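Everything below concerns the one structure shown next.
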Amino acid sequence: MASYTDVLQYLSSLDYPAEKDDVVREAEREGAPPDVLRALRALPPVDYANGNQVARSAAIEAAPEVGPSQRAAQAREPHRRVSQHLRRI
């Protein structure tokens with residue numbers, strides 16, 4: 001699966017604002033792998049102001065290094081409004 005870094009790597013020379021077709025065409029020109037192209041082809045058809053906006057809109061995992069079991073544990077943990085370092089332990 002593509003990551004934010006992968007997406008941004010193949011769009012480094014693209015001039016913004018850019019349409020979806022321009023984004024996909026640039027990635028193809030730069031030799032992006034199939035998973036990156038698949039994510040970019042799934043983008044909504046809007047104008048993108050920068051690469052970060054493209055990466056956030058693409059169907060990719062923000063943190064691919066986090067495994068399914070860790071994601072499940074995070075989902076089960078109640079969300080608290082106080083930072084960890086401010087809690088009494």
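Letters A, B, ... go to the chains of the structure tokens in the order shown; residues in each chain start at 1; ligands are counted from 1 in the same order.
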Next on the checklist: Set the distance at 9 Å and use only C-alpha atoms: which residues neighbour stretch 22-36 of chain A once local chain neighbours fewer than 5 positions away are removed? I'd like the list as a PyMOL selection string.
Outcome noted: chain A and resi 1-3+6-7+9-11+13-14+41+48+54+58+60
Checklist entry - By how many Å are atom CA of A:Pro68 and atom CA of A:Ala42 apart? => result 23.1 Å
